[in-house]
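Student: What follows is final.txt, made up of compact mmCIF, C-alpha atoms:
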# COMPACT_ATOMS: atom_id res chain seq x y z
CA MET A 1 0.74 36.42 2.93
CA ILE A 2 2.01 33.88 5.45
CA HIS A 3 1.57 30.87 3.15
CA GLN A 4 4.03 32.46 0.72
CA LEU A 5 6.78 31.70 3.25
CA ILE A 6 6.96 28.21 1.74
CA ASP A 7 7.52 27.98 -2.00
CA TYR A 8 4.77 26.29 -4.04
CA GLU A 9 7.29 23.81 -5.46
CA ILE A 10 8.41 22.80 -1.95
CA LEU A 11 4.81 22.39 -0.77
CA ARG A 12 4.08 20.13 -3.71
CA MET A 13 7.16 18.06 -2.93
CA ILE A 14 6.17 17.81 0.74
CA TRP A 15 2.70 16.56 -0.15
CA TRP A 16 4.08 14.11 -2.70
CA ALA A 17 6.34 12.74 0.06
CA LEU A 18 3.47 12.70 2.57
CA LEU A 19 1.34 10.73 0.12
CA GLY A 20 4.14 8.18 -0.07
CA VAL A 21 4.39 8.07 3.72
CA LEU A 22 0.65 7.39 4.02
CA LEU A 23 0.82 4.57 1.47
CA ILE A 24 3.80 3.04 3.24
CA GLY A 25 2.09 3.49 6.62
CA PHE A 26 -0.95 1.66 5.27
CA ALA A 27 1.20 -1.19 3.94
CA ILE A 28 3.00 -1.56 7.28
CA MET A 29 0.12 -1.08 9.71
CA ASP A 30 -2.94 -2.42 7.93
CA GLY A 31 -0.65 -4.75 6.00
CA PHE A 32 -0.19 -7.10 8.93
CA ASP A 33 -3.97 -7.12 9.47
CA MET A 34 -4.57 -8.15 5.86
CA GLY A 35 -1.63 -10.55 5.96
CA THR A 36 -3.06 -12.25 9.04
CA ALA A 37 -6.45 -12.54 7.31
CA ILE A 38 -4.82 -14.06 4.20
CA LEU A 39 -2.96 -16.64 6.31
CA LEU A 40 -5.96 -17.65 8.43
CA PRO A 41 -6.70 -20.98 6.66
CA PHE A 42 -3.04 -21.81 5.97
CA ILE A 43 -1.52 -21.45 9.43
CA SER A 44 -4.35 -22.41 11.77
CA LYS A 45 -5.40 -26.05 12.20
CA THR A 46 -8.19 -25.65 14.74
CA ASP A 47 -10.90 -23.14 15.57
CA THR A 48 -9.01 -22.12 18.69
CA GLU A 49 -5.90 -21.35 16.64
CA ARG A 50 -7.98 -19.26 14.26
CA ARG A 51 -9.36 -17.36 17.23
CA VAL A 52 -5.81 -16.74 18.45
CA MET A 53 -4.83 -15.31 15.06
CA LEU A 54 -7.88 -13.07 14.85
CA ASN A 55 -7.36 -11.76 18.36
CA THR A 56 -3.80 -10.66 17.57
CA ILE A 57 -5.29 -8.01 15.26
CA ALA A 58 -8.67 -7.46 16.96
CA PRO A 59 -7.58 -4.58 19.25
CA VAL A 60 -5.77 -2.61 16.55
CA TRP A 61 -7.20 -3.25 13.08
CA GLU A 62 -9.69 -0.36 13.19
CA GLY A 63 -6.96 2.12 14.05
CA ASN A 64 -4.67 0.66 11.39
CA GLN A 65 -7.30 1.11 8.70
CA VAL A 66 -7.26 4.86 9.36
CA TRP A 67 -4.08 4.98 7.25
CA PHE A 68 -6.19 3.98 4.24
CA ILE A 69 -8.75 6.68 5.01
CA LEU A 70 -6.02 9.29 5.47
CA GLY A 71 -4.48 8.29 2.15
CA GLY A 72 -7.79 8.75 0.34
CA GLY A 73 -8.41 12.04 2.14
CA ALA A 74 -4.94 13.33 1.27
CA ILE A 75 -5.44 12.49 -2.42
CA PHE A 76 -8.84 14.20 -2.40
CA ALA A 77 -7.60 17.39 -0.75
CA ALA A 78 -4.02 17.72 -2.02
CA TRP A 79 -4.27 16.07 -5.45
CA PRO A 80 -7.83 16.63 -6.80
CA PHE A 81 -6.95 15.74 -10.41
CA VAL A 82 -5.38 12.49 -9.23
CA TYR A 83 -8.44 11.74 -7.10
CA ALA A 84 -10.76 12.31 -10.07
CA ALA A 85 -8.70 10.14 -12.40
CA ALA A 86 -7.84 7.29 -10.01
CA PHE A 87 -11.25 6.92 -8.38
CA SER A 88 -12.94 7.02 -11.80
CA GLY A 89 -10.55 4.74 -13.65
CA PHE A 90 -10.27 2.24 -10.79
CA TYR A 91 -13.92 2.60 -9.73
CA ILE A 92 -14.90 -1.09 -9.92
CA ALA A 93 -11.59 -2.24 -8.45
CA LEU A 94 -11.86 0.19 -5.52
CA PHE A 95 -15.50 -0.79 -5.00
CA LEU A 96 -14.35 -4.42 -4.67
CA VAL A 97 -11.72 -3.30 -2.16
CA LEU A 98 -14.37 -1.47 -0.14
CA LEU A 99 -16.66 -4.52 -0.12
CA ALA A 100 -13.74 -6.72 0.92
CA LEU A 101 -12.72 -4.40 3.76
CA ILE A 102 -16.32 -4.40 5.03
CA LEU A 103 -16.12 -8.20 5.31
CA ARG A 104 -13.37 -8.00 7.94
CA PRO A 105 -15.38 -6.49 10.84
CA VAL A 106 -18.53 -8.34 9.78
CA GLY A 107 -16.69 -11.66 9.61
CA MET A 108 -14.86 -11.21 12.90
CA THR A 109 -18.05 -10.20 14.69
CA PHE A 110 -20.45 -12.78 13.30
CA ARG A 111 -18.18 -15.85 13.30
CA SER A 112 -18.36 -15.98 17.10
CA LYS A 113 -22.13 -15.59 17.32
CA ILE A 114 -22.81 -19.27 16.63
CA SER A 115 -20.52 -22.12 17.64
CA HIS A 116 -21.02 -24.21 14.51
CA THR A 117 -18.32 -25.43 12.13
CA LEU A 118 -20.12 -24.50 8.90
CA TRP A 119 -21.09 -21.05 10.22
CA ARG A 120 -17.57 -20.20 11.32
CA SER A 121 -16.05 -21.63 8.15
CA LEU A 122 -18.25 -19.32 6.07
CA TRP A 123 -17.15 -16.21 7.95
CA ASP A 124 -13.53 -17.34 7.96
CA LYS A 125 -13.66 -17.35 4.16
CA ALA A 126 -15.08 -13.82 4.25
CA ILE A 127 -12.17 -12.72 6.44
CA VAL A 128 -9.67 -14.27 4.02
CA ILE A 129 -11.30 -12.36 1.14
CA SER A 130 -10.99 -9.15 3.20
CA GLY A 131 -7.20 -9.53 3.10
CA LEU A 132 -6.68 -11.21 -0.26
CA VAL A 133 -8.68 -8.87 -2.52
CA PRO A 134 -7.17 -5.53 -1.34
CA ALA A 135 -3.66 -6.99 -1.44
CA LEU A 136 -4.07 -8.05 -5.07
CA VAL A 137 -6.00 -4.99 -6.22
CA PHE A 138 -3.53 -2.46 -4.80
CA GLY A 139 -0.64 -4.23 -6.52
CA VAL A 140 -2.50 -4.46 -9.83
CA ALA A 141 -3.33 -0.75 -9.53
CA PHE A 142 0.34 0.15 -9.02
CA GLY A 143 1.24 -1.97 -12.03
CA ASN A 144 -1.26 -0.07 -14.16
CA ILE A 145 0.04 3.27 -12.92
CA LEU A 146 3.55 2.31 -14.01
CA GLN A 147 2.23 1.27 -17.44
CA GLY A 148 -0.03 4.29 -17.81
CA ILE A 149 -3.81 4.50 -17.70
CA PRO A 150 -5.99 5.37 -20.75
CA PHE A 151 -7.52 8.70 -19.78
CA TYR A 152 -7.54 12.31 -20.90
CA PHE A 153 -8.86 15.76 -20.02
CA ASP A 154 -10.70 17.86 -22.58
CA ASP A 155 -10.18 21.62 -22.98
CA SER A 156 -12.52 22.32 -20.04
CA LEU A 157 -10.61 19.78 -17.90
CA ARG A 158 -13.42 17.23 -17.88
CA PHE A 159 -12.09 13.74 -17.23
CA PHE A 160 -12.62 10.80 -19.63
CA TYR A 161 -11.51 7.22 -19.01
CA GLY A 162 -11.03 4.83 -21.93
CA GLY A 163 -10.28 1.55 -20.19
CA SER A 164 -12.27 -1.27 -18.62
CA PHE A 165 -12.02 -3.41 -15.50
CA LEU A 166 -10.62 -6.42 -17.38
CA SER A 167 -8.03 -4.26 -19.16
CA LEU A 168 -6.39 -3.65 -15.77
CA PHE A 169 -5.12 -7.23 -15.74
CA THR A 170 -1.95 -7.41 -17.83
CA PRO A 171 1.09 -9.65 -17.30
CA PHE A 172 3.04 -6.82 -15.66
CA SER A 173 0.16 -5.69 -13.44
CA LEU A 174 -0.40 -9.29 -12.32
CA ILE A 175 3.28 -9.53 -11.36
CA CYS A 176 2.80 -6.36 -9.29
CA GLY A 177 -0.38 -7.83 -7.79
CA LEU A 178 1.42 -11.01 -6.74
CA LEU A 179 4.30 -8.93 -5.36
CA SER A 180 1.81 -6.93 -3.28
CA LEU A 181 0.18 -10.14 -2.06
CA CYS A 182 3.55 -11.53 -0.97
CA LEU A 183 4.52 -8.26 0.73
CA LEU A 184 1.41 -8.24 2.91
CA THR A 185 1.69 -11.98 3.53
CA LEU A 186 5.23 -11.41 4.81
CA GLN A 187 4.03 -8.57 7.01
CA GLY A 188 1.29 -10.75 8.46
CA ALA A 189 3.61 -13.72 8.97
CA THR A 190 6.24 -11.71 10.86
CA TYR A 191 3.51 -10.14 12.99
CA LEU A 192 2.14 -13.58 13.88
CA THR A 193 5.59 -14.85 14.87
CA LEU A 194 5.79 -11.86 17.19
CA LYS A 195 2.29 -12.17 18.70
CA THR A 196 1.70 -15.93 19.02
CA HIS A 197 3.23 -19.03 20.56
CA ASP A 198 4.10 -22.30 18.86
CA PRO A 199 2.81 -24.03 16.81
CA ILE A 200 1.24 -20.96 15.14
CA SER A 201 4.47 -19.00 15.43
CA SER A 202 6.54 -21.77 13.81
CA ARG A 203 4.12 -22.13 10.91
CA ALA A 204 4.10 -18.37 10.39
CA LYS A 205 7.89 -18.41 10.35
CA ARG A 206 7.96 -20.96 7.51
CA VAL A 207 5.33 -19.07 5.52
CA GLY A 208 7.23 -15.81 6.03
CA ILE A 209 10.46 -17.28 4.68
CA GLY A 210 8.57 -18.55 1.62
CA ALA A 211 6.92 -15.15 1.10
CA ALA A 212 10.33 -13.44 1.29
CA PHE A 213 11.61 -15.74 -1.47
CA PHE A 214 8.70 -14.91 -3.77
CA ILE A 215 9.06 -11.17 -3.05
CA ILE A 216 12.59 -11.32 -4.43
CA VAL A 217 11.37 -13.31 -7.45
CA PHE A 218 8.49 -10.95 -8.35
CA PHE A 219 10.47 -7.77 -7.54
CA THR A 220 13.25 -8.97 -9.85
CA LEU A 221 10.73 -9.85 -12.57
CA GLY A 222 9.34 -6.33 -12.33
CA TRP A 223 12.80 -4.83 -12.73
CA VAL A 224 13.50 -7.08 -15.75
CA TRP A 225 10.19 -6.00 -17.32
CA ILE A 226 11.08 -2.32 -16.92
CA LYS A 227 14.77 -2.64 -17.80
CA ASN A 228 13.94 -4.33 -21.11
CA GLY A 229 11.47 -1.61 -22.04
CA TRP A 230 8.43 -3.91 -21.91
CA VAL A 231 6.68 -1.31 -19.75
CA PRO A 232 6.20 2.10 -21.42
CA GLY A 233 7.82 4.99 -19.60
CA TYR A 234 6.96 8.68 -19.89
CA ARG A 235 9.13 11.78 -20.15
CA ILE A 236 8.28 15.48 -19.96
CA ILE A 237 9.81 17.49 -22.80
CA GLU A 238 8.05 20.81 -22.20
CA THR A 239 6.49 22.25 -19.05
CA MET A 240 5.60 25.55 -17.39
CA GLY A 241 7.69 24.63 -14.34
CA PRO A 242 7.15 23.46 -10.76
CA ASN A 243 5.58 26.74 -9.57
CA ALA A 244 2.94 27.07 -12.30
CA PRO A 245 -0.79 26.85 -11.56
CA SER A 246 -2.22 23.33 -11.69
CA ASN A 247 -3.30 22.45 -15.21
CA PRO A 248 -2.29 19.07 -16.67
CA LEU A 249 -2.73 20.32 -20.26
CA THR A 250 0.14 22.83 -20.16
CA LYS A 251 2.95 20.36 -20.81
CA LYS A 252 4.16 17.97 -23.48
CA VAL A 253 4.94 14.34 -22.67
CA ILE A 254 6.42 11.61 -24.86
CA ILE A 255 6.53 7.85 -24.36
CA ASP A 256 10.07 6.67 -23.68
CA GLN A 257 10.38 2.92 -23.10
CA PHE A 258 13.24 3.34 -20.63
CA ALA A 259 12.11 6.55 -18.93
CA TRP A 260 11.40 4.91 -15.56
CA LEU A 261 15.13 4.27 -15.21
CA ASN A 262 16.14 7.88 -15.96
CA ASN A 263 15.78 9.07 -12.37
CA TYR A 264 18.34 6.53 -11.21
CA SER A 265 20.87 7.95 -13.66
CA LEU A 266 20.15 11.54 -12.63
CA TYR A 267 19.98 10.83 -8.90
CA PRO A 268 22.11 7.78 -8.00
CA TRP A 269 21.02 7.99 -4.34
CA MET A 270 17.63 6.64 -5.47
CA TRP A 271 19.22 3.20 -5.82
CA ALA A 272 18.95 3.05 -2.04
CA ALA A 273 15.22 2.26 -2.35
CA PRO A 274 15.48 -1.03 -4.33
CA LEU A 275 18.57 -2.00 -2.34
CA ILE A 276 16.61 -1.55 0.89
CA GLY A 277 13.86 -3.66 -0.63
CA TYR A 278 16.21 -6.53 -1.48
CA ILE A 279 18.41 -6.42 1.62
CA SER A 280 15.57 -6.07 4.13
CA THR A 281 13.71 -8.98 2.51
CA LEU A 282 16.76 -11.23 2.85
CA LEU A 283 17.32 -10.08 6.44
CA THR A 284 13.67 -10.74 7.27
CA ALA A 285 14.01 -14.35 6.12
CA MET A 286 17.27 -14.76 8.06
CA LEU A 287 15.82 -13.27 11.25
CA LEU A 288 12.75 -15.48 11.00
CA ALA A 289 15.00 -18.53 10.67
CA LEU A 290 16.99 -17.34 13.71
CA LYS A 291 13.76 -16.86 15.71
CA CYS A 292 14.09 -13.08 16.15
CA PRO A 293 10.47 -12.06 15.52
CA GLY A 294 10.72 -8.44 16.65
CA LYS A 295 13.68 -7.67 14.40
CA ALA A 296 12.06 -9.65 11.58
CA PHE A 297 8.95 -7.49 11.80
CA ILE A 298 11.08 -4.32 11.60
CA MET A 299 12.91 -5.68 8.55
CA SER A 300 9.62 -6.70 6.94
CA SER A 301 8.38 -3.14 7.45
CA LEU A 302 11.56 -1.85 5.79
CA THR A 303 10.78 -4.13 2.87
CA GLN A 304 7.49 -2.28 2.41
CA VAL A 305 9.39 1.03 2.58
CA GLY A 306 11.99 0.00 0.00
CA ILE A 307 9.66 -1.51 -2.59
CA ILE A 308 6.91 1.13 -2.43
CA SER A 309 9.54 3.89 -2.51
CA THR A 310 11.07 2.26 -5.58
CA ALA A 311 7.78 2.59 -7.45
CA GLY A 312 7.27 6.21 -6.36
CA LEU A 313 10.81 7.32 -7.15
CA SER A 314 10.74 5.60 -10.55
CA LEU A 315 7.57 7.49 -11.48
CA PHE A 316 8.67 10.93 -10.25
CA PRO A 317 7.54 13.55 -11.18
CA PHE A 318 4.58 11.60 -12.59
CA ILE A 319 1.80 10.51 -10.28
CA LEU A 320 -0.62 9.13 -12.86
CA PRO A 321 0.64 8.89 -16.47
CA SER A 322 -1.84 8.60 -19.34
CA SER A 323 -1.18 5.89 -21.93
CA SER A 324 -3.74 7.16 -24.45
CA HIS A 325 -3.03 10.91 -24.18
CA PRO A 326 0.42 11.40 -22.61
CA ASN A 327 -0.01 15.18 -22.42
CA SER A 328 -2.89 14.63 -19.97
CA SER A 329 -0.59 12.77 -17.57
CA LEU A 330 -0.71 14.01 -13.99
CA THR A 331 2.51 15.11 -12.32
CA VAL A 332 3.59 16.60 -9.03
CA TRP A 333 3.79 20.02 -10.70
CA ASP A 334 0.38 20.26 -12.36
CA SER A 335 -2.21 18.23 -10.42
CA SER A 336 -2.11 19.63 -6.88
CA SER A 337 -4.44 21.90 -4.98
CA SER A 338 -3.68 25.61 -4.62
CA HIS A 339 -0.71 27.01 -2.74
CA LEU A 340 -2.96 28.16 0.14
CA THR A 341 -4.76 24.82 0.42
CA LEU A 342 -1.53 22.84 0.60
CA PHE A 343 -0.16 25.23 3.22
CA LEU A 344 -3.24 25.04 5.46
CA MET A 345 -3.28 21.26 5.19
CA LEU A 346 0.39 21.13 6.15
CA VAL A 347 -0.28 23.25 9.23
CA SER A 348 -3.08 20.84 10.18
CA VAL A 349 -0.74 17.86 9.80
CA ILE A 350 1.90 19.50 11.99
CA ILE A 351 -0.68 20.14 14.72
CA PHE A 352 -2.67 16.89 14.69
CA LEU A 353 -0.29 14.18 13.51
CA PRO A 354 2.01 14.02 16.58
CA PRO A 355 -0.85 13.35 19.07
CA ILE A 356 -2.23 10.67 16.74
CA LEU A 357 1.15 8.95 16.51
CA LEU A 358 1.65 9.16 20.27
CA TYR A 359 -1.78 7.68 20.91
CA THR A 360 -1.12 4.88 18.42
CA ALA A 361 2.20 4.08 20.09
CA TRP A 362 0.47 4.03 23.50
CA VAL A 363 -2.21 1.62 22.23
CA PHE A 364 0.38 -0.80 20.88
CA ARG A 365 2.30 -0.60 24.14
CA VAL A 366 -0.81 -1.42 26.14
CA MET A 367 -1.66 -4.31 23.80
CA ARG A 368 1.89 -5.71 23.72
CA GLY A 369 2.54 -9.36 24.41
CA LYS A 370 1.50 -12.65 22.85
CA VAL A 371 -1.99 -14.05 22.50
CA SER A 372 -2.31 -17.65 23.72
CA GLU A 373 -4.93 -20.37 23.36
CA LYS A 374 -5.62 -20.05 27.06
CA ASP A 375 -6.44 -16.35 26.60
CA VAL A 376 -9.15 -17.00 24.02
CA GLN A 377 -10.58 -19.97 25.90
CA THR A 378 -10.96 -18.13 29.21
CA ASN A 379 -11.86 -14.61 28.02
CA SER A 380 -15.43 -14.38 26.77
CA GLN A 381 -14.78 -10.87 25.37
CA MET A 382 -12.40 -12.21 22.73
CA TYR A 383 -13.55 -13.18 19.25
Can you give me the file's structure in the form of structure tokens?
Tutor:
Amino acid sequence: MIHQLIDYEILRMIWWALLGVLLIGFAIMDGFDMGTAILLPFISKTDTERRVMLNTIAPVWEGNQVWFILGGGAIFAAWPFVYAAAFSGFYIALFLVLLALILRPVGMTFRSKISHTLWRSLWDKAIVISGLVPALVFGVAFGNILQGIPFYFDDSLRFFYGGSFLSLFTPFSLICGLLSLCLLTLQGATYLTLKTHDPISSRAKRVGIGAAFFIIVFFTLGWVWIKNGWVPGYRIIETMGPNAPSNPLTKKVIIDQFAWLNNYSLYPWMWAAPLIGYISTLLTAMLLALKCPGKAFIMSSLTQVGIISTAGLSLFPFILPSSSHPNSSLTVWDSSSSHLTLFLMLVSVIIFLPPILLYTAWVFRVMRGKVSEKDVQTNSQMY
């Protein structure tokens, strides 16, 4: 059959890489929306300045959020075991994210309905929550994935989760949460320097430089945590191979405190990911100081690429390790959909993704330029 033209192992690798691309795309595109929301009370001094900030993201935030939807859809279709485990184990956390994301359009719409300080202040707080909560939760979730999640599958592959919402908050996961918060804050700050005039742009520049400093601090703390074996790693010692049918119970996994560093010994090119994370963060701060907002935004986006890729490459081939029953851990080789499903989805991506990217590029070209106080004061259609 035609789908046999691409090996099952290769298809799994492609979809693992595509999942990473979607997560990075979400961090870059919707990241500056959430970063702008987080910075709303810290950068703006007047209601007009807050309106300027909100209108930098108003034309594009809905399209940017599609990356989040695509990521969830890709997990559901390509990695059903991962979808079952993640959306069950992180149910309350993801529900909070959903509620927070709903606050963004509601807050932006309703704050302008009544010109009253208390009314607008209330909705401004809702908008801040819409950026702050997802930024923290996604980082905490990544921290828990690196530590392992207490779940298992029984002999009939029914899923059981043994953790709680409060158990998600550990010292390491909180470091990852703060790192995520700083990453999206940096993305929002560089975007605001690009899309606004002074004094908003100057304030965003200072905040961005501070966020870059804390990214280096928390990223380094994470590395120290892993390098000293304070985060449990996982290693496969027996498996049916990368072309076997998906069944997470057909392998043996042991806990190895230093396993997350093994890939960097086997594949030295992987060191490029953390190096990109460090170097691009430093360059972002330098470019902000030199008042080069466009280049700073590109470097900030590369920071997202480097740090998220570091997490993914460290985990490989694991996607969701189990701390309570390591043999139930989900990997690239045993948690995917069928060969035919992955192939048909790949064909769909090849057909539909280019027009979507072209349309997105066209929208950003049309909406290019800075938003000024005069724009929001004279245009009644703006928030």
Student: Which residues of segment 280-325 of chain A come within 10 Å of segment 76-87 of chain A, and what is each one's closest atom pair and distance in Å (one decimal), counting only C-alpha atoms, sorted by chain and residue number, as a Markdown table?
Tutor:
| residue | atom | partner | partner_atom | distance |
| --- | --- | --- | --- | --- |
| A:Ile319 | CA | A:Val82 | CA | 7.5 |
| A:Leu320 | CA | A:Val82 | CA | 6.9 |
| A:Ser322 | CA | A:Ala85 | CA | 9.9 |
Student: In Å, rounded to a single decimal, give me how far atom CA of Cys292 of chain A is from atom CA of Val21 of chain A.
Tutor: 26.4 Å
Student: Could you name the residues that touch Val60 of chain A at 10 Å or less, counting only C-alpha atoms, but leaving out those on the same chain fewer than 3 positions away, as a list in words?
Tutor: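 Once the adjacent positions are removed, what remains is Met29, Asp30, Asp33, Asn55, Thr56, Ile57, Gly63, Asn64, Gln65, Thr360, Val363, Phe364 and Met367 of chain A.
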Student: At a cut-off of 10 Å, using all atoms listed in the file, what residues contact segment 206-222 of chain A? Leave out same-chain residues fewer than 4 positions from it and give the result as a VMD selection string.
Tutor: chain A and resid 39 42 to 43 143 172 to 193 201 to 202 226 to 227 230 to 231 274 277 to 289 296 300 303 307
Student: Given only C-alpha atoms as the basis, pick out the residue of A:Gln147, A:Asn379, A:Asn243, A:Ser156 nearest to Phe169 of chain A.
Tutor: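 Nearest to Phe169 of chain A: A:Gln147.
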Student: Please tell me which residues are no farther than 10 Å from (-0.8, 9.4, -17.2) in the file, counting all atoms listed in the file, and write them as a list in words.
Tutor: Val82, Ala85, Asn144, Ile145, Leu146, Gln147, Gly148, Ile149, Pro150, Phe151, Tyr152, Gly233, Tyr234, Pro248, Val253, Phe318, Ile319, Leu320, Pro321, Ser322, Ser323, Ser324, His325, Pro326, Asn327, Ser328, Ser329, Leu330 and Thr331 of chain A
Student: Please report the interatomic distance between atom CA of Met13 of chain A and atom CA of Ala27 of chain A in Å with one decimal.
Tutor: 21.3 Å
Student: Counting all atoms listed in the file, figure out which residue out of A:Glu62, A:Asp154, A:Asp124, A:Glu9 gets nearest to Phe26 of chain A.
Tutor: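 Looking only at the distances to Phe26 of chain A, the closest residue turns out to be A:Glu62.
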Student: Just checking: using only C-alpha atoms, which residue out of A:Leu168, A:Ile236, A:Leu22, A:Met53 ends up closest to Phe90 of chain A?
Tutor: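 Under the stated criterion, the closest residue is A:Leu168.
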Student: From the options A:Phe138, A:Trp362, A:Trp67, A:Tyr267, which residue's atoms come nearest to Leu96 of chain A, counting all atoms listed in the file?
Tutor: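 Closest to Leu96 of chain A of all the choices is A:Phe138.
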Student: Record the distance separating atom CA of Asp375 of chain A and atom CA of Leu101 of chain A, expressed in Å with one decimal.
Tutor: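 Atom CA of Asp375 of chain A sits 26.5 Å away from atom CA of Leu101 of chain A.
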Student: Hey, which of A:Ile24, A:Leu313, A:Val376, A:Ile298 ends up closest to Ser112 of chain A? Count only C-alpha atoms.
Tutor: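 Ranked by minimum distance to Ser112 of chain A, first place goes to A:Val376.
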Student: What's the 10 Å shell around Pro245 of chain A, counting only C-alpha atoms, without same-chain residues fewer than 4 positions away, as a ChimeraX atom specification?
Tutor: /A:8,240-241,250,333-339
